[in-house]
Amino acid sequence: MRLKFLFFLVLAIGLSACAGKSDSLGLVENEQTKTYAEAYAPARTALAEGKIADLLVKMEEQFVTEDGDKLSRDEIIEELVKKNSELSIIERGLLTLNAGNFERALLYFDAAEMKMEQTEAESGAYKFGSAVTKGGVAALFGAEEVADYTMRGYEKVMLLNYKALCYMLLGDRKAYNVTRRAIDKQQEEWEKFKVMLAEFEAEQAKKADNEKEISQKIDVDTRDEETKKKAELVPNAYVNPFGDYMNALLMEMDGIDDKSIRDNSVIAYKKVLENNKDCTTAKSAVKEVRRGIPRGYKLVHIILADGFAPERKETTHGFQIDKLKAVVNFATATPIPSNVSGARVYYAGRTQTFASLSKMESIILRDDQDRLPFRTAMVTLALLRSGAASAFLGDLGVNIAAAMQRPDTRSWLTLPNKVIVARFYVPNKTKKITIETFDKKRKGMAKTNVDIAEKGPTVVYAVSYDKQLNAFANTHSWIINK
């Protein structure tokens with residue numbers, strides 16, 4: 001029996017060094033020995049230093065044959081869906097969008113949505129038990145990163161939001177249907193999470209008395225007070241108003257020629273305010289949209305993504321309940337500070353300050369907070385597992401049980417810290433506007449000019465990383481092409 005137990009421990013350790021589906025971006029050597037955040041680090045550095053072009057070339061190398069021929073769009077999508085995880089595909093998509101390549105980013109987001117749908121269709125098919133599979137024994141012993149990564153609800157929603165934004169920047173009204181899917185997906189994921197949490201709590205209620213007693217005695221919330229405050233800025237992780245804002249924006253654009261649509265746009269802007277009362281841009285839109293665009297002017301919207309989303313960092317914590325001891329590794333969402341406090345735009349002799357839209361940092365931190373019950377269960381199992389290992393192998397067993405843990409540090413790291421927006425009218429003759437980010441003292445940090453569409457409305461997508469600021473805009477829209 002002792003040898004059998006030791007066999008499973010050693011097998012689990014071996015599996016814990018393996019990856020599940022490929023999350024590789026191919027940016028570092030020996031990627032399998034690094035955490036996801038470590039493997040992603042070159043991308044963060046490239047974005048922060050404004051050197052993303054070389055990195056994108058490296059990511060595209062896999063889509064060229066040995067003879068030097070480039071794969072077609074359909075072939076690339078097929079290759080991505082077959083060999084890559086949703087996570088690695090959406091990272092590629094947003095990195096590419098943040099470099100201003102809308103068409104290529106759309107390709108990645110198309111592939112990612114296809115992969116997401118495929119994964120969701122397959123979910124529930126895998127059952128742990130009869131066979132020793134990659135992720136099975138290892139995950140049971142705490143090697144979470146071995147299992148295939150399951151996209152968080154907010155990541156699925158943002159995938160669709162960014163896909164809609166790509167269509168918008170390409171001047172294609174297909175953005176509307178994707179935006180509607182994003183809104184529906186957000187509600188769907190919220191309902192699924194509530195059901196999952198209820199089912200989990202029901203299962204926990206059936207646990208043996210000793211497990212219940214252990215879970216009641218441990219405190220797994222290791223966050224500092226500042227992180228807790230940021231998480232409490234949103235009621236849950238499914239209040240992202242990005243989709244509603246895109247929906248309002250699209251209907252406002254359609255309402256330029258069709259007054260009957262403007263009321264729907266106002267309703268959508270009010271929905272934004274329900275989810276983020278600080279979005280003064282939506283508040284002014286509610287007052288202005290019904291009146292339409294003033295004669296001789298054109299509409300401009302700017303969506304600015306700043307900074308980096310929290311990174312799931314591995315931390316080690318010791319627990320002891322009675323005679324049970326365990327060393328447990330957590331993957332905790334940890335904020336990455338941004339020096340950018342806000343932004344302003346200069347146009348036609350006027351200045352407007354951007355307003356808050358999506359508090360991505362808070363959404364991600366709240367997602368971690370709402371999953372603390374799962375962490376409690378994990379630590380309870382770790383204590384019991386450590387006790388069992390100790391009974392068979394003494395201190396060696398405890399050390400082995402701790403060594404095999406590999407918490408899941410994966411997440412969509414290209415997501416921003418926050419999304420802020422501005423909306424205004426400019427005279428038809430206006431060709432350029434200027435965007436400037438500023439720090440907490442409102443001192444300018446970075447500035448860039450962006451050309452706006454010669455005719456019709458313009459949507460600008462801007463990306464900020466402290467001293468780096470880039471902005472891209474549509475050159476035309478379906479409004480003009482009618």
# chains A, B, ... in the order shown; residues from 1 in each chain; ligands from 1
call {"tool": "residues_around", "arguments": {"residues": "Pro427 (chain A)", "least_positions_apart": "5", "cutoff": "7 Å", "atoms": "only C-alpha atoms", "output": "JSON, numbers by chain"}}
result
{"A": [296, 297, 298]}
call {"tool": "write_last_selection", "arguments": {"atoms": "all heavy atoms", "output": "short mmCIF file (atom, residue, chain, number, x, y, z; two decimals), in the first residue's frame"}}
result
data_model
loop_
_atom_site.label_atom_id
_atom_site.label_comp_id
_atom_site.auth_asym_id
_atom_site.auth_seq_id
_atom_site.Cartn_x
_atom_site.Cartn_y
_atom_site.Cartn_z
N GLY A 296 -23.27 70.50 -39.25
CA GLY A 296 -21.90 70.93 -39.51
C GLY A 296 -20.87 70.25 -38.62
O GLY A 296 -19.69 70.62 -38.64
N TYR A 297 -21.32 69.25 -37.82
CA TYR A 297 -20.42 68.55 -36.92
C TYR A 297 -20.44 67.04 -37.18
O TYR A 297 -21.35 66.52 -37.84
CB TYR A 297 -20.81 68.81 -35.46
CG TYR A 297 -20.40 70.17 -34.96
CD1 TYR A 297 -21.12 71.31 -35.34
CD2 TYR A 297 -19.31 70.33 -34.11
CE1 TYR A 297 -20.75 72.57 -34.89
CE2 TYR A 297 -18.94 71.59 -33.65
CZ TYR A 297 -19.66 72.69 -34.03
OH TYR A 297 -19.29 73.93 -33.59
N LYS A 298 -19.46 66.35 -36.65
CA LYS A 298 -19.43 64.89 -36.72
C LYS A 298 -19.06 64.32 -35.35
O LYS A 298 -18.42 64.98 -34.53
CB LYS A 298 -18.47 64.41 -37.80
CG LYS A 298 -17.07 64.98 -37.75
CD LYS A 298 -16.29 64.60 -39.01
CE LYS A 298 -14.89 65.22 -39.02
NZ LYS A 298 -14.14 64.91 -40.26
#
call {"tool": "residues_around", "arguments": {"residues": "Arg262 (chain A)", "least_positions_apart": "6", "cutoff": "8 Å", "atoms": "only C-alpha atoms", "output": "PyMOL selection string"}}
result
chain A and resi 251-252+255+289-290
call {"tool": "select_by_dssp", "arguments": {"residues": "region 59-276 of chain A", "states": "alpha helix (DSSP H)", "output": "PyMOL selection string"}}
result
chain A and resi 59-60+73-83+86-97+102-122+136-140+153-169+175-205+209-217+225-231+242-254+262-275
call {"tool": "residues_around", "arguments": {"residues": "region 150-167 of chain A", "least_positions_apart": "6", "cutoff": "7 Å", "atoms": "only C-alpha atoms", "output": "ChimeraX atom specification"}}
result
/A:90,102,106,109,173-175,178-179,182,185-186,189,237-238,243,412
call {"tool": "closest_atom_pairs", "arguments": {"of": "region 334-396 of chain A", "to": "region 197-219 of chain A", "cutoff": "7 Å", "atoms": "only C-alpha atoms", "output": "tab-separated table"}}
result
residue	atom	partner	partner_atom	distance
A:Thr376	CA	A:Ser215	CA	6.2
A:Ala377	CA	A:Ser215	CA	6.7
A:Thr380	CA	A:Ser215	CA	5.8
call {"tool": "atom_distance", "arguments": {"atom1": "CA of Ile435 (chain A)", "atom2": "CA of Glu49 (chain A)"}}
result
18.8 Å
call {"tool": "select_by_dssp", "arguments": {"residues": "region 261-318 of chain A", "states": "strand (DSSP E)", "output": "PyMOL selection string"}}
result
chain A and resi 297-306+311-318
call {"tool": "write_last_selection", "arguments": {"atoms": "C-alpha atoms", "output": "compact mmCIF listing (two decimals), in the first residue's frame"}}
result
# COMPACT_ATOMS: atom_id res chain seq x y z
CA TYR A 297 -20.42 68.55 -36.92
CA LYS A 298 -19.43 64.89 -36.72
CA LEU A 299 -19.35 62.42 -33.82
CA VAL A 300 -16.16 61.11 -32.20
CA HIS A 301 -15.87 58.35 -29.59
CA ILE A 302 -12.59 57.37 -27.93
CA ILE A 303 -12.08 54.12 -26.04
CA LEU A 304 -8.77 54.13 -24.15
CA ALA A 305 -7.34 51.00 -22.50
CA ASP A 306 -4.68 51.70 -19.89
CA GLU A 311 -1.23 39.05 -12.57
CA ARG A 312 -1.88 35.80 -10.71
CA LYS A 313 1.24 35.51 -8.58
CA GLU A 314 2.20 32.39 -6.68
CA THR A 315 2.49 32.79 -2.91
CA THR A 316 3.19 30.17 -0.24
CA HIS A 317 1.26 29.87 3.02
CA GLY A 318 1.42 27.48 5.94
call {"tool": "atom_distance", "arguments": {"atom1": "CA of Lys271 (chain A)", "atom2": "CA of Thr353 (chain A)"}}
result
21.4 Å
call {"tool": "atom_distance", "arguments": {"atom1": "CA of Tyr149 (chain A)", "atom2": "CA of Lys230 (chain A)"}}
result
25.4 Å
call {"tool": "closest_residue", "arguments": {"among": "A:Tyr36, A:Phe63, A:Tyr176, A:Phe424", "to": "Arg350 (chain A)", "atoms": "only C-alpha atoms"}}
result
A:Phe424
call {"tool": "closest_residue", "arguments": {"among": "A:Pro457, A:Lys429, A:Asn417, A:Leu47", "to": "Ile256 (chain A)", "atoms": "only C-alpha atoms"}}
result
A:Pro457
call {"tool": "residues_around", "arguments": {"residues": "Ser88 (chain A)", "least_positions_apart": "4", "cutoff": "9 Å", "atoms": "only C-alpha atoms", "output": "ChimeraX atom specification"}}
result
/A:22-25,84,92-93,112,412
call {"tool": "residues_around", "arguments": {"residues": "Asn474 (chain A)", "least_positions_apart": "5", "cutoff": "12 Å", "atoms": "only C-alpha atoms", "output": "PyMOL selection string"}}
result
chain A and resi 100-103+165-172+300-302+450-462
call {"tool": "write_last_selection", "arguments": {"atoms": "N, CA, C and O atoms", "output": "JSON list (two decimals), in the first residue's frame"}}
result
[["chain", "number", "residue", "atom", "x", "y", "z"],
["A", 100, "GLY", "N", -2.51, 47.94, -33.54],
["A", 100, "GLY", "CA", -3.24, 48.65, -34.59],
["A", 100, "GLY", "C", -3.58, 47.83, -35.81],
["A", 100, "GLY", "O", -4.06, 48.38, -36.81],
["A", 101, "ASN", "N", -3.40, 46.51, -35.76],
["A", 101, "ASN", "CA", -3.71, 45.66, -36.91],
["A", 101, "ASN", "C", -5.09, 45.03, -36.67],
["A", 101, "ASN", "O", -5.22, 43.93, -36.13],
["A", 102, "PHE", "N", -6.15, 45.73, -37.10],
["A", 102, "PHE", "CA", -7.52, 45.31, -36.81],
["A", 102, "PHE", "C", -7.87, 43.99, -37.50],
["A", 102, "PHE", "O", -8.50, 43.12, -36.90],
["A", 103, "GLU", "N", -7.48, 43.85, -38.76],
["A", 103, "GLU", "CA", -7.85, 42.66, -39.53],
["A", 103, "GLU", "C", -7.23, 41.41, -38.94],
["A", 103, "GLU", "O", -7.89, 40.37, -38.80],
["A", 165, "LEU", "N", -15.19, 45.41, -31.29],
["A", 165, "LEU", "CA", -14.40, 46.62, -31.50],
["A", 165, "LEU", "C", -13.59, 46.55, -32.79],
["A", 165, "LEU", "O", -13.46, 47.55, -33.51],
["A", 166, "CYS", "N", -13.07, 45.37, -33.10],
["A", 166, "CYS", "CA", -12.34, 45.20, -34.37],
["A", 166, "CYS", "C", -13.24, 45.52, -35.56],
["A", 166, "CYS", "O", -12.84, 46.23, -36.48],
["A", 167, "TYR", "N", -14.46, 44.98, -35.54],
["A", 167, "TYR", "CA", -15.41, 45.27, -36.62],
["A", 167, "TYR", "C", -15.70, 46.76, -36.68],
["A", 167, "TYR", "O", -15.78, 47.36, -37.77],
["A", 168, "MET", "N", -15.86, 47.38, -35.53],
["A", 168, "MET", "CA", -16.13, 48.81, -35.47],
["A", 168, "MET", "C", -15.01, 49.61, -36.12],
["A", 168, "MET", "O", -15.25, 50.53, -36.92],
["A", 169, "LEU", "N", -13.77, 49.25, -35.79],
["A", 169, "LEU", "CA", -12.62, 49.96, -36.33],
["A", 169, "LEU", "C", -12.44, 49.71, -37.83],
["A", 169, "LEU", "O", -11.81, 50.50, -38.53],
["A", 170, "LEU", "N", -13.00, 48.61, -38.30],
["A", 170, "LEU", "CA", -12.98, 48.31, -39.73],
["A", 170, "LEU", "C", -14.17, 48.92, -40.46],
["A", 170, "LEU", "O", -14.32, 48.75, -41.67],
["A", 171, "GLY", "N", -15.04, 49.63, -39.71],
["A", 171, "GLY", "CA", -16.20, 50.27, -40.32],
["A", 171, "GLY", "C", -17.27, 49.29, -40.75],
["A", 171, "GLY", "O", -18.04, 49.55, -41.67],
["A", 172, "ASP", "N", -17.36, 48.15, -40.06],
["A", 172, "ASP", "CA", -18.26, 47.06, -40.44],
["A", 172, "ASP", "C", -19.36, 46.92, -39.39],
["A", 172, "ASP", "O", -19.09, 46.75, -38.20],
["A", 300, "VAL", "N", -17.40, 61.82, -32.50],
["A", 300, "VAL", "CA", -16.16, 61.11, -32.20],
["A", 300, "VAL", "C", -16.30, 60.40, -30.86],
["A", 300, "VAL", "O", -16.75, 61.00, -29.87],
["A", 301, "HIS", "N", -15.95, 59.13, -30.83],
["A", 301, "HIS", "CA", -15.87, 58.35, -29.59],
["A", 301, "HIS", "C", -14.43, 57.87, -29.42],
["A", 301, "HIS", "O", -13.81, 57.43, -30.39],
["A", 302, "ILE", "N", -13.92, 57.92, -28.22],
["A", 302, "ILE", "CA", -12.59, 57.37, -27.93],
["A", 302, "ILE", "C", -12.70, 56.35, -26.81],
["A", 302, "ILE", "O", -13.29, 56.63, -25.76],
["A", 450, "VAL", "N", -4.16, 61.82, -33.54],
["A", 450, "VAL", "CA", -4.79, 60.76, -34.33],
["A", 450, "VAL", "C", -5.69, 61.39, -35.38],
["A", 450, "VAL", "O", -6.42, 62.34, -35.11],
["A", 451, "ASP", "N", -5.61, 60.86, -36.60],
["A", 451, "ASP", "CA", -6.47, 61.32, -37.69],
["A", 451, "ASP", "C", -7.87, 60.76, -37.49],
["A", 451, "ASP", "O", -8.03, 59.59, -37.11],
["A", 452, "ILE", "N", -8.87, 61.55, -37.76],
["A", 452, "ILE", "CA", -10.24, 61.06, -37.67],
["A", 452, "ILE", "C", -10.83, 60.96, -39.08],
["A", 452, "ILE", "O", -10.30, 61.52, -40.04],
["A", 453, "ALA", "N", -11.91, 60.21, -39.18],
["A", 453, "ALA", "CA", -12.51, 59.94, -40.49],
["A", 453, "ALA", "C", -12.90, 61.25, -41.17],
["A", 453, "ALA", "O", -13.39, 62.18, -40.53],
["A", 454, "GLU", "N", -12.67, 61.27, -42.47],
["A", 454, "GLU", "CA", -12.99, 62.49, -43.23],
["A", 454, "GLU", "C", -14.48, 62.76, -43.22],
["A", 454, "GLU", "O", -14.93, 63.90, -43.11],
["A", 455, "LYS", "N", -15.26, 61.68, -43.31],
["A", 455, "LYS", "CA", -16.71, 61.83, -43.29],
["A", 455, "LYS", "C", -17.31, 60.89, -42.24],
["A", 455, "LYS", "O", -16.83, 59.79, -42.03],
["A", 456, "GLY", "N", -18.38, 61.34, -41.61],
["A", 456, "GLY", "CA", -19.10, 60.48, -40.69],
["A", 456, "GLY", "C", -18.42, 60.31, -39.35],
["A", 456, "GLY", "O", -17.42, 60.95, -39.05],
["A", 457, "PRO", "N", -18.97, 59.42, -38.52],
["A", 457, "PRO", "CA", -18.47, 59.25, -37.16],
["A", 457, "PRO", "C", -17.13, 58.53, -37.11],
["A", 457, "PRO", "O", -16.78, 57.76, -38.01],
["A", 458, "THR", "N", -16.39, 58.79, -36.04],
["A", 458, "THR", "CA", -15.08, 58.16, -35.84],
["A", 458, "THR", "C", -15.07, 57.47, -34.48],
["A", 458, "THR", "O", -15.53, 58.02, -33.49],
["A", 459, "VAL", "N", -14.53, 56.26, -34.47],
["A", 459, "VAL", "CA", -14.26, 55.55, -33.21],
["A", 459, "VAL", "C", -12.75, 55.39, -33.11],
["A", 459, "VAL", "O", -12.11, 54.86, -34.02],
["A", 460, "VAL", "N", -12.18, 55.88, -32.03],
["A", 460, "VAL", "CA", -10.75, 55.82, -31.80],
["A", 460, "VAL", "C", -10.48, 54.80, -30.69],
["A", 460, "VAL", "O", -11.14, 54.81, -29.65],
["A", 461, "TYR", "N", -9.52, 53.92, -30.93],
["A", 461, "TYR", "CA", -9.06, 52.99, -29.89],
["A", 461, "TYR", "C", -7.65, 53.39, -29.50],
["A", 461, "TYR", "O", -6.75, 53.42, -30.34],
["A", 462, "ALA", "N", -7.47, 53.73, -28.24],
["A", 462, "ALA", "CA", -6.16, 54.16, -27.75],
["A", 462, "ALA", "C", -5.66, 53.19, -26.69],
["A", 462, "ALA", "O", -6.45, 52.60, -25.94]]
call {"tool": "closest_residue", "arguments": {"among": "A:Lys283, A:Lys115, A:Lys277, A:Lys51", "to": "Glu79 (chain A)", "atoms": "only C-alpha atoms"}}
result
A:Lys115
call {"tool": "residues_around", "arguments": {"residues": "Lys58 (chain A)", "least_positions_apart": "5", "cutoff": "9 Å", "atoms": "only C-alpha atoms", "output": "list in words"}}
result
Gly26, Leu27 and Ala53 of chain A
call {"tool": "closest_residue", "arguments": {"among": "A:Val419, A:Leu365, A:Leu94, A:Met59", "to": "Thr227 (chain A)", "atoms": "only C-alpha atoms"}}
result
A:Leu365
call {"tool": "residues_around", "arguments": {"residues": "Met114 (chain A)", "least_positions_apart": "5", "cutoff": "9 Å", "atoms": "only C-alpha atoms", "output": "ChimeraX atom specification"}}
result
/A:77,81,86,109,119
call {"tool": "closest_residue", "arguments": {"among": "A:Asp69, A:Phe330, A:Ser411, A:Ala282", "to": "Tyr40 (chain A)", "atoms": "only C-alpha atoms"}}
result
A:Ser411
call {"tool": "closest_residue", "arguments": {"among": "A:Lys359, A:Asn276, A:Val345, A:Asn470", "to": "Lys432 (chain A)", "atoms": "only C-alpha atoms"}}
result
A:Val345
